[in-house]
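Trainee: Just one file: data_22.tsv, with TSV, C-alpha atoms.
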```
chain	number	residue	atom	x	y	z
A	559	MET	CA	118.87	78.05	101.52
A	560	LYS	CA	116.99	79.76	98.71
A	561	THR	CA	113.36	80.36	99.55
A	562	THR	CA	110.41	82.57	98.73
A	563	GLY	CA	107.89	84.66	100.57
A	564	TYR	CA	105.75	87.77	100.46
A	565	ALA	CA	107.41	91.06	101.37
A	566	ALA	CA	106.71	94.75	101.75
A	567	GLN	CA	109.25	96.81	99.82
A	568	SER	CA	108.20	100.11	101.39
A	569	ALA	CA	105.67	101.52	103.84
A	570	ASP	CA	103.13	102.25	101.10
A	571	ALA	CA	103.69	99.15	98.99
A	572	ALA	CA	101.43	96.11	98.91
A	573	LEU	CA	103.00	92.83	99.93
A	574	ALA	CA	104.25	90.93	96.89
A	575	PRO	CA	106.25	87.77	96.05
A	576	PHE	CA	109.89	87.96	97.07
A	577	ASP	CA	112.86	85.62	96.54
A	578	PHE	CA	115.55	85.60	99.24
A	579	GLU	CA	118.03	83.34	101.01
A	580	ARG	CA	117.93	81.91	104.51
A	581	ARG	CA	121.26	81.49	106.26
A	582	GLU	CA	123.07	78.19	106.20
A	583	LEU	CA	122.38	76.04	109.23
A	584	ARG	CA	124.65	76.58	112.18
A	585	ALA	CA	125.33	73.66	114.50
A	586	ASP	CA	122.41	74.58	116.80
A	587	ASP	CA	119.91	75.57	114.10
A	588	VAL	CA	116.65	74.00	112.97
A	589	ALA	CA	115.30	74.49	109.46
A	590	MET	CA	111.55	74.22	109.04
A	591	GLU	CA	109.00	74.22	106.28
A	592	VAL	CA	106.37	76.78	107.23
A	593	LEU	CA	102.90	75.21	107.16
A	594	TYR	CA	100.78	77.99	108.69
A	595	CYS	CA	101.41	81.58	109.69
A	596	GLY	CA	99.09	83.84	111.66
A	597	VAL	CA	98.48	87.45	110.69
A	598	CYS	CA	99.09	89.74	113.65
A	599	HIS	CA	98.01	93.37	113.92
A	600	SER	CA	101.67	94.20	114.49
A	601	ASP	CA	102.45	92.79	111.02
A	602	LEU	CA	100.27	95.55	109.61
A	603	HIS	CA	101.92	98.20	111.81
A	604	GLN	CA	105.42	97.01	110.88
A	605	ALA	CA	104.73	96.73	107.15
A	606	ARG	CA	103.39	100.29	107.12
A	607	ASN	CA	106.10	101.66	109.44
A	608	ASP	CA	103.54	102.92	111.94
A	609	TRP	CA	106.13	102.62	114.73
A	610	GLY	CA	108.97	104.26	112.81
A	611	TRP	CA	111.58	101.50	112.86
A	612	SER	CA	110.68	99.33	109.86
A	613	GLN	CA	113.37	98.06	107.50
A	614	TYR	CA	112.70	96.97	103.92
A	615	PRO	CA	112.30	94.65	102.20
A	616	MET	CA	110.33	93.05	105.04
A	617	VAL	CA	108.81	89.57	105.20
A	618	PRO	CA	106.38	89.74	108.15
A	619	GLY	CA	105.00	86.91	110.25
A	620	HIS	CA	105.77	85.79	113.82
A	621	GLU	CA	103.02	83.25	114.49
A	622	ILE	CA	104.56	80.26	112.78
A	623	VAL	CA	103.85	76.53	112.74
A	624	GLY	CA	105.88	74.18	110.60
A	625	ARG	CA	107.70	70.89	110.12
A	626	VAL	CA	111.42	70.31	110.72
A	627	ILE	CA	113.23	69.54	107.46
A	628	ALA	CA	116.88	69.77	108.58
A	629	VAL	CA	118.88	70.13	111.81
A	630	GLY	CA	122.39	71.26	112.67
A	631	ASN	CA	124.88	68.68	113.88
A	632	ALA	CA	124.60	69.82	117.52
A	633	VAL	CA	120.80	69.91	117.70
A	634	LYS	CA	119.42	67.69	120.46
A	635	LEU	CA	115.81	68.80	120.87
A	636	TYR	CA	114.31	68.05	117.46
A	637	ARG	CA	114.40	65.59	114.61
A	638	ILE	CA	113.34	65.81	110.98
A	639	GLY	CA	109.57	65.52	110.79
A	640	ASP	CA	108.82	67.10	114.18
A	641	HIS	CA	106.13	69.77	114.28
A	642	VAL	CA	107.50	72.99	115.75
A	643	ALA	CA	106.40	76.56	116.26
A	644	VAL	CA	108.16	79.92	116.35
A	645	GLY	CA	106.88	83.14	117.86
A	646	CYS	CA	108.10	86.72	118.02
A	647	MET	CA	111.80	86.05	118.71
A	648	VAL	CA	114.45	83.75	117.31
A	649	ASP	CA	117.42	84.47	119.58
A	650	SER	CA	118.72	86.37	122.62
A	651	CYS	CA	122.07	86.79	124.36
A	652	ARG	CA	121.33	83.74	126.60
A	653	GLU	CA	123.75	85.17	129.19
A	654	CYS	CA	122.14	88.12	130.98
A	655	ASP	CA	120.15	87.85	134.22
A	656	GLN	CA	116.82	87.97	132.36
A	657	CYS	CA	117.78	85.25	129.88
A	658	ARG	CA	119.03	83.06	132.71
A	659	LYS	CA	115.64	83.44	134.38
A	660	GLY	CA	113.88	82.29	131.22
A	661	LEU	CA	112.74	85.80	130.33
A	662	GLU	CA	114.40	86.00	126.92
A	663	GLN	CA	111.77	88.52	125.82
A	664	LEU	CA	113.37	90.94	128.32
A	665	CYS	CA	116.98	90.21	127.29
A	666	ARG	CA	119.23	93.05	128.48
A	667	LYS	CA	120.93	93.14	125.08
A	668	GLY	CA	117.63	92.87	123.23
A	669	ASN	CA	116.14	89.69	121.84
A	670	THR	CA	116.34	89.05	118.10
A	671	GLN	CA	112.94	89.55	116.53
A	672	THR	CA	111.65	87.00	114.05
A	673	TYR	CA	111.43	89.69	111.39
A	674	ASN	CA	112.42	93.34	110.92
A	675	ASP	CA	115.60	92.77	112.91
A	676	LYS	CA	119.19	91.65	112.36
A	677	ASP	CA	120.76	88.28	113.07
A	678	ARG	CA	122.86	88.38	116.23
A	679	PHE	CA	125.93	86.92	114.50
A	680	SER	CA	125.82	87.69	110.78
A	681	CYS	CA	123.84	90.97	111.02
A	682	GLU	CA	121.78	89.95	108.00
A	683	PRO	CA	118.09	90.93	108.15
A	684	THR	CA	115.64	88.52	109.74
A	685	HIS	CA	112.54	87.61	107.74
A	686	GLY	CA	109.37	86.08	109.12
A	687	GLY	CA	106.82	83.41	108.45
A	688	TYR	CA	105.12	84.71	105.30
A	689	SER	CA	107.59	82.39	103.59
A	690	LYS	CA	108.26	78.79	102.61
A	691	HIS	CA	111.07	78.15	105.07
A	692	LEU	CA	112.53	79.41	108.33
A	693	VAL	CA	115.86	78.82	110.07
A	694	VAL	CA	115.90	79.28	113.84
A	695	ARG	CA	118.13	78.50	116.79
A	696	GLU	CA	116.79	75.28	118.32
A	697	GLU	CA	116.16	76.80	121.76
A	698	PHE	CA	113.71	79.24	120.18
A	699	ALA	CA	111.65	76.59	118.43
A	700	LEU	CA	108.68	75.32	120.44
A	701	ARG	CA	107.32	71.81	120.32
A	702	VAL	CA	103.72	71.61	119.11
A	703	PRO	CA	101.95	69.26	121.57
A	704	ASP	CA	100.06	66.27	120.25
A	705	GLY	CA	96.40	67.03	119.81
A	706	LEU	CA	96.86	70.73	119.04
A	707	ASP	CA	95.32	71.54	115.64
A	708	LEU	CA	98.23	72.71	113.48
A	709	SER	CA	95.95	74.78	111.26
A	710	LYS	CA	94.67	76.83	114.20
A	711	ALA	CA	97.64	76.91	116.55
A	712	ALA	CA	99.73	79.63	114.89
A	713	PRO	CA	98.11	82.67	116.61
A	714	LEU	CA	98.98	81.15	119.98
A	715	LEU	CA	102.59	82.13	119.29
A	716	CYS	CA	101.78	85.84	119.67
A	717	ALA	CA	98.15	86.52	120.59
A	718	GLY	CA	98.15	83.49	122.87
A	719	ILE	CA	101.35	84.14	124.79
A	720	THR	CA	100.79	87.91	124.91
A	721	THR	CA	97.61	87.34	126.92
A	722	TYR	CA	98.69	84.16	128.75
A	723	SER	CA	101.80	85.82	130.21
A	724	PRO	CA	100.01	88.55	132.22
A	725	LEU	CA	97.39	86.05	133.37
A	726	ARG	CA	100.20	83.92	134.80
A	727	THR	CA	102.25	86.88	136.07
A	728	TRP	CA	99.28	88.17	138.08
A	729	ASN	CA	98.37	84.67	139.30
A	730	VAL	CA	94.94	84.34	137.70
A	731	GLY	CA	93.07	81.21	138.78
A	732	PRO	CA	89.69	80.02	140.02
A	733	GLY	CA	87.76	82.94	141.46
A	734	SER	CA	89.92	85.67	139.93
A	735	ARG	CA	87.92	88.56	138.53
A	736	VAL	CA	89.32	89.41	135.09
A	737	GLY	CA	88.24	92.16	132.75
A	738	VAL	CA	89.16	92.19	129.05
A	739	ILE	CA	89.00	95.43	127.07
A	740	GLY	CA	88.67	94.79	123.36
A	741	LEU	CA	87.51	91.61	121.67
A	742	GLY	CA	89.82	91.23	118.70
A	743	GLY	CA	92.69	88.85	118.09
A	744	LEU	CA	94.26	89.46	121.50
A	745	GLY	CA	91.03	89.99	123.40
A	746	HIS	CA	89.33	86.80	122.33
A	747	MET	CA	92.40	84.81	123.42
A	748	ALA	CA	92.44	86.61	126.78
A	749	VAL	CA	88.81	85.60	127.31
A	750	LYS	CA	89.40	81.96	126.36
A	751	LEU	CA	92.53	81.59	128.46
A	752	ALA	CA	91.18	83.35	131.54
A	753	ALA	CA	88.00	81.27	131.39
A	754	ALA	CA	90.05	78.07	131.04
A	755	MET	CA	91.98	79.08	134.16
A	756	GLY	CA	88.73	79.28	136.11
A	757	ALA	CA	88.43	83.06	136.29
A	758	ASP	CA	85.22	85.08	136.29
A	759	VAL	CA	85.57	86.96	133.00
A	760	THR	CA	83.97	90.20	131.88
A	761	VAL	CA	84.40	91.74	128.44
A	762	VAL	CA	84.36	95.54	128.60
A	763	SER	CA	83.09	97.02	125.35
A	764	ARG	CA	81.68	100.27	123.98
A	765	SER	CA	78.90	98.36	122.24
A	766	LYS	CA	76.50	95.51	123.04
A	767	ASP	CA	77.11	94.11	119.55
A	768	LYS	CA	79.80	91.71	120.80
A	769	GLU	CA	77.86	90.37	123.77
A	770	ALA	CA	76.85	87.11	122.08
A	771	ASP	CA	80.41	86.49	120.89
A	772	ALA	CA	81.83	87.29	124.33
A	773	LEU	CA	79.56	84.74	126.00
A	774	THR	CA	80.30	82.12	123.33
A	775	LEU	CA	84.04	82.59	123.85
A	776	GLY	CA	83.69	81.92	127.58
A	777	ALA	CA	83.03	85.31	129.19
A	778	ASP	CA	80.50	85.48	132.00
A	779	ARG	CA	79.15	88.85	130.94
A	780	LEU	CA	79.69	92.01	128.92
A	781	LEU	CA	80.06	95.38	130.62
A	782	LEU	CA	78.99	98.30	128.46
A	783	SER	CA	81.58	101.04	128.97
A	784	SER	CA	79.21	103.68	127.58
A	785	ASP	CA	76.69	102.89	130.33
A	786	THR	CA	77.67	105.27	133.15
A	787	GLU	CA	75.47	103.56	135.72
A	788	ALA	CA	76.76	100.07	134.89
A	789	MET	CA	80.37	101.27	135.06
A	790	ALA	CA	79.75	102.85	138.47
A	791	GLU	CA	78.20	99.64	139.77
A	792	ALA	CA	81.24	97.69	138.54
A	793	ALA	CA	83.72	99.87	140.45
A	794	ASN	CA	86.33	97.93	142.47
A	795	GLY	CA	85.15	94.75	140.76
A	796	PHE	CA	88.31	93.45	139.07
A	797	ASP	CA	91.57	91.92	140.21
A	798	LEU	CA	93.11	92.27	136.76
A	799	ILE	CA	92.12	94.06	133.56
A	800	ILE	CA	93.84	93.19	130.29
A	801	ASP	CA	93.64	96.08	127.82
A	802	THR	CA	94.08	94.72	124.28
A	803	VAL	CA	93.12	97.86	122.31
A	804	PRO	CA	95.85	98.36	119.65
A	805	VAL	CA	95.48	102.13	119.13
A	806	LYS	CA	95.73	105.29	121.21
A	807	HIS	CA	92.79	105.46	123.62
A	808	ASP	CA	91.65	106.74	127.00
A	809	ILE	CA	92.15	104.33	129.90
A	810	ASN	CA	90.72	106.66	132.55
A	811	PRO	CA	87.19	105.19	132.49
A	812	TYR	CA	88.57	101.74	133.32
A	813	LEU	CA	90.81	102.58	136.29
A	814	PRO	CA	87.98	102.82	138.88
A	815	LEU	CA	86.96	99.27	137.91
A	816	LEU	CA	90.11	97.94	139.59
A	817	ASP	CA	89.99	96.79	143.19
A	818	VAL	CA	92.64	97.84	145.71
A	819	ASP	CA	96.13	96.66	144.67
A	820	SER	CA	94.81	95.53	141.30
A	821	THR	CA	96.35	96.14	137.89
A	822	LEU	CA	95.38	97.24	134.40
A	823	VAL	CA	97.83	95.62	131.97
A	824	LEU	CA	98.42	97.11	128.53
A	825	VAL	CA	99.19	94.50	125.87
A	826	GLY	CA	97.82	96.11	122.69
A	827	GLN	CA	98.87	99.71	122.15
A	828	VAL	CA	102.53	100.40	121.34
A	829	GLY	CA	102.90	104.13	121.71
A	830	PRO	CA	101.05	107.04	123.32
A	831	LEU	CA	97.84	106.92	125.32
A	832	ALA	CA	95.42	109.64	126.30
A	833	GLU	CA	96.72	111.34	129.45
A	834	PRO	CA	95.85	109.20	132.49
A	835	SER	CA	94.61	110.67	135.74
A	836	THR	CA	96.49	109.68	138.88
A	837	VAL	CA	93.43	110.15	141.11
A	838	PRO	CA	92.05	106.59	140.91
A	839	LEU	CA	95.61	105.23	141.14
A	840	LEU	CA	96.43	107.12	144.32
A	841	LEU	CA	93.08	106.74	146.03
A	842	GLY	CA	92.74	103.04	145.27
A	843	ARG	CA	96.40	101.93	145.24
A	844	ARG	CA	95.82	100.72	141.72
A	845	ARG	CA	98.43	100.09	139.05
A	846	ILE	CA	98.97	100.45	135.30
A	847	ALA	CA	101.45	98.01	133.82
A	848	GLY	CA	102.64	96.77	130.45
A	849	SER	CA	103.43	93.25	129.35
A	850	PRO	CA	105.08	91.90	126.18
A	851	ILE	CA	105.23	88.28	125.09
A	852	GLY	CA	106.48	85.56	127.43
A	853	GLY	CA	109.79	83.72	127.51
A	854	ILE	CA	110.43	80.43	125.75
A	855	ALA	CA	109.61	78.22	128.76
A	856	GLU	CA	106.38	80.12	129.43
A	857	THR	CA	105.42	79.92	125.74
A	858	GLN	CA	105.88	76.16	125.79
A	859	GLU	CA	103.84	76.03	129.00
A	860	MET	CA	101.10	77.99	127.22
A	861	LEU	CA	101.06	75.60	124.26
A	862	ASN	CA	100.85	72.62	126.61
A	863	PHE	CA	98.05	74.30	128.59
A	864	CYS	CA	96.08	75.01	125.41
A	865	ALA	CA	96.45	71.43	124.24
A	866	LYS	CA	95.26	70.09	127.59
A	867	ALA	CA	92.41	72.60	128.00
A	868	GLY	CA	91.31	72.53	124.36
A	869	VAL	CA	91.94	76.26	123.89
A	870	LEU	CA	92.44	77.43	120.31
A	871	PRO	CA	91.90	80.77	118.59
A	872	ASP	CA	88.96	81.34	116.26
A	873	VAL	CA	90.57	81.66	112.84
A	874	GLU	CA	89.76	82.43	109.23
A	875	MET	CA	92.04	80.58	106.81
A	876	ILE	CA	93.33	82.55	103.82
A	877	GLY	CA	95.71	82.04	100.91
A	878	ILE	CA	98.91	84.05	100.74
A	879	ASP	CA	97.52	85.90	97.71
A	880	GLN	CA	94.81	87.32	99.99
A	881	ILE	CA	97.22	88.94	102.42
A	882	ASN	CA	96.74	92.52	101.23
A	883	GLN	CA	92.96	92.21	101.47
A	884	ALA	CA	93.44	90.67	104.92
A	885	PHE	CA	95.50	93.71	105.98
A	886	GLU	CA	92.69	96.00	104.80
A	887	ARG	CA	90.13	93.97	106.71
A	888	LEU	CA	92.36	93.86	109.78
A	889	GLU	CA	92.50	97.64	109.77
A	890	ARG	CA	88.69	97.68	109.84
A	891	ALA	CA	88.59	94.99	112.56
A	892	ASP	CA	86.73	92.82	110.05
A	893	VAL	CA	87.87	89.40	111.23
A	894	ARG	CA	86.69	86.94	113.87
A	895	TYR	CA	89.24	86.71	115.24
A	896	ARG	CA	92.54	85.90	113.58
A	897	PHE	CA	93.66	85.32	110.00
A	898	VAL	CA	95.90	82.32	109.38
A	899	ILE	CA	97.74	81.86	106.09
A	900	ASP	CA	97.83	78.35	104.66
A	901	MET	CA	101.39	78.46	103.38
A	902	ALA	CA	100.70	75.62	100.96
A	903	THR	CA	99.17	78.41	98.84
A	904	LEU	CA	102.58	80.08	98.39
A	905	PRO	CA	103.93	79.14	94.93
A	906	ALA	CA	107.40	77.64	94.94
A	907	SER	CA	108.59	80.22	92.43
A	908	PRO	CA	107.20	83.73	92.94
A	909	ALA	CA	108.80	84.85	89.68
A	910	SER	CA	106.77	82.36	87.66
A	911	ALA	CA	103.60	83.16	89.62
A	912	ALA	CA	103.87	86.91	89.09
```
Represent the supplied structure as structure tokens.
Mentor:
Amino acid sequence: MKTTGYAAQSADAALAPFDFERRELRADDVAMEVLYCGVCHSDLHQARNDWGWSQYPMVPGHEIVGRVIAVGNAVKLYRIGDHVAVGCMVDSCRECDQCRKGLEQLCRKGNTQTYNDKDRFSCEPTHGGYSKHLVVREEFALRVPDGLDLSKAAPLLCAGITTYSPLRTWNVGPGSRVGVIGLGGLGHMAVKLAAAMGADVTVVSRSKDKEADALTLGADRLLLSSDTEAMAEAANGFDLIIDTVPVKHDINPYLPLLDVDSTLVLVGQVGPLAEPSTVPLLLGRRRIAGSPIGGIAETQEMLNFCAKAGVLPDVEMIGIDQINQAFERLERADVRYRFVIDMATLPASPASAA
């Protein structure tokens, strides 16, 4: 299938139109027309090779909502015309203990990433949702529930599940005391989801500037991390803290906020942190953990929950020709709170549009 998208050709190159081919449909594949694609902070990191494993040319995008346009002859889950969604992975071994438990994101052989990876069978590069079309194994396509706004749902496929999964893993529910560090794309979803689960939610921020937004999103309060007295009063006050900060930072000020046997979960930063002190961990039997995305079943559960609870990200719609400006703004945290690309703005022929 010949298609088109926007790609980075190198770490210092702007994204630009790019013609490429999707693989032919296998028996268990679904082909989709991409309608909307979210812009994740990791797209920026990957395009600029901040993590050191980027491959070029690269078509980013792993928050994808679209419409089925073709199915393989063994596909049973979807029909042409169905609305489907794809997140951060498009395949896994399906055989290891983690895959059998529905934890494909933790596949022992490594899941196949939606972009900047290689197809498990053909070894051709995978390309993401900044494109007209996508081909995916049917088990890794999610059904978009009725009532979920297609134009806003895309960020749920990464920002949504990345914050939903630790909330479910640590059994958040009515009465749970949840802290959220950072109020960006991930943080605002953590607030909305935790609030919808009935938790008491506190946004922890260095500045009071986001207090109004935090309350509007569903938080019960904002805790000013630069206020030494307020931080001391909040000690032992949280059952779970979700740290969404996507850069190297110091987690030491937040550890005393955890109650006994409580956990600070890192979901934002991929890479080094400032050196943590073990004192609050040992004295309070506290924990630091990490959490990636969820498995396919949990991601579908999250979509269904969001449809039922009316939880959607706050998005700013852009055209594909605005993606480089969006990256610049994303780097400055100048978005409330997630960019979504209307893929109808992608010309059918990038060569003629150039």
Trainee: Give me the residues near Arg894 of chain A as a count of residues only, where near means some atom within 10 Å (using all atoms listed in the file) and where sequence neighbours in that chain fewer than 4 positions away do not count.
Mentor: 10
Trainee: Pick out the closest residue to Asp704 of chain A from this set: A:Cys598, A:Leu831, A:Met789, A:Leu861. Count only C-alpha atoms.
Mentor: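 Once distances to Asp704 of chain A are computed over only C-alpha atoms, the minimum belongs to A:Leu861.
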Trainee: Quick one: of A:Leu708, A:Val597, A:Leu661, A:Met647, who's nearest to Arg678 of chain A, counting all atoms listed in the file?
Mentor: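 Ranking A:Leu708, A:Val597, A:Leu661, A:Met647 by distance to Arg678 of chain A, first place goes to A:Met647.
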Trainee: With all atoms listed in the file counted and 9 Å as the cut-off, give the residues of segment 765-810 of chain A in contact with segment 752-758 of chain A, each with its shortest interatomic distance in Å and the pair that gives it, as a tab-separated table.
Mentor:
```
residue	atom	partner	partner_atom	distance
A:Leu775	CA	A:Ala753	CA	8.6
A:Gly776	CA	A:Ala753	CA	5.8
A:Ala777	CA	A:Ala753	CA	6.8
A:Asp778	CA	A:Asp758	CA	6.4
A:Arg779	CA	A:Asp758	CA	8.9
```
Trainee: Calculated over all atoms listed in the file, which of the candidates A:Tyr812, A:Phe796, A:Tyr895, A:Tyr673 has the smallest distance to Tyr688 of chain A?
Mentor: A:Tyr673
Trainee: Report, in Å with one decimal, the straight-line distance from atom CA of Asn631 of chain A to atom CA of Glu696 of chain A.
Mentor: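 Those two atoms sit 11.3 Å apart.
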Trainee: Kindly indicate which residue among A:Thr786, A:Pro804, A:Gly718, A:Asn674 lies nearest to Trp611 of chain A, using only C-alpha atoms for the distances.
Mentor: A:Asn674
Trainee: Suppose you want the space between atom CA of Thr561 of chain A and atom CA of Pro713 of chain A; what is it in Å?
Mentor: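 Pair atom CA of Thr561 of chain A / atom CA of Pro713 of chain A returns 23.0 Å.
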Trainee: Please provide the set of residues having any atom within 9 Å of Leu725 of chain A, restricted to all atoms listed in the file, with same-chain residues fewer than 2 positions apart removed, written as a PyMOL selection string.
Mentor: chain A and resi 721-723+727-731+736+748+751-752+755+798+800
Trainee: Between A:Lys634, A:Gly745, A:Leu593, A:Gly829, which has the minimum distance to Asp707 of chain A (counting only C-alpha atoms)?
Mentor: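 The closest residue to Asp707 of chain A is A:Leu593.
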Trainee: Draw an axis-aligned box over all listed atoms of segment 661-675 of chain A, pad each side with 6 Å, and write its centre and edge lengths in Å, one decimal, as lines of an AutoDock Vina configuration file.
Mentor:
```
center_x = 116.2
center_y = 89.6
center_z = 120.6
size_x = 21.5
size_y = 19.5
size_z = 31.4
```
Trainee: Show me, as an NGL selection string, the residues that have an atom within 9 Å of Asp601 of chain A when counting all atoms listed in the file, minus same-chain residues fewer than 6 positions from it.
Mentor: :A and (618-620 or 885)
Trainee: Which value, in Å to one decimal, gives the distance between atom CA of Cys654 of chain A and atom CA of Lys667 of chain A?
Mentor: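 Those two atoms sit 7.8 Å apart.
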Trainee: If we count only C-alpha atoms and set the cut-off at 10 Å, which residues sit around Leu583 of chain A, ignoring sequence neighbours fewer than 6 positions away in its own chain? Please answer as number ranges by chain.
Mentor: A: 559, 589, 628-631, 693-695
Trainee: Write out as CSV the residues of segment 741-769 of chain A that have any atom within 12 Å of an atom of segment 807-811 of chain A, one row each with the nearest atom pair and its distance in Å to one decimal, counting only C-alpha atoms, sorted by chain and then rising number.
Mentor:
```
residue,atom,partner,partner_atom,distance
A:Val762,CA,A:Pro811,CA,10.8
A:Ser763,CA,A:Pro811,CA,11.6
A:Arg764,CA,A:Pro811,CA,11.3
```
Trainee: Got time to write the residues from that selection, C-alpha atoms, as a PDB file, in the frame of the given file?
Mentor:
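File produced: selection-v5.pdb:
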```pdb
ATOM      1  CA  VAL A 762      84.360  95.540 128.600  1.00  0.00           C
ATOM      2  CA  SER A 763      83.090  97.020 125.350  1.00  0.00           C
ATOM      3  CA  ARG A 764      81.680 100.270 123.980  1.00  0.00           C
TER       4      ARG A 764
END
```
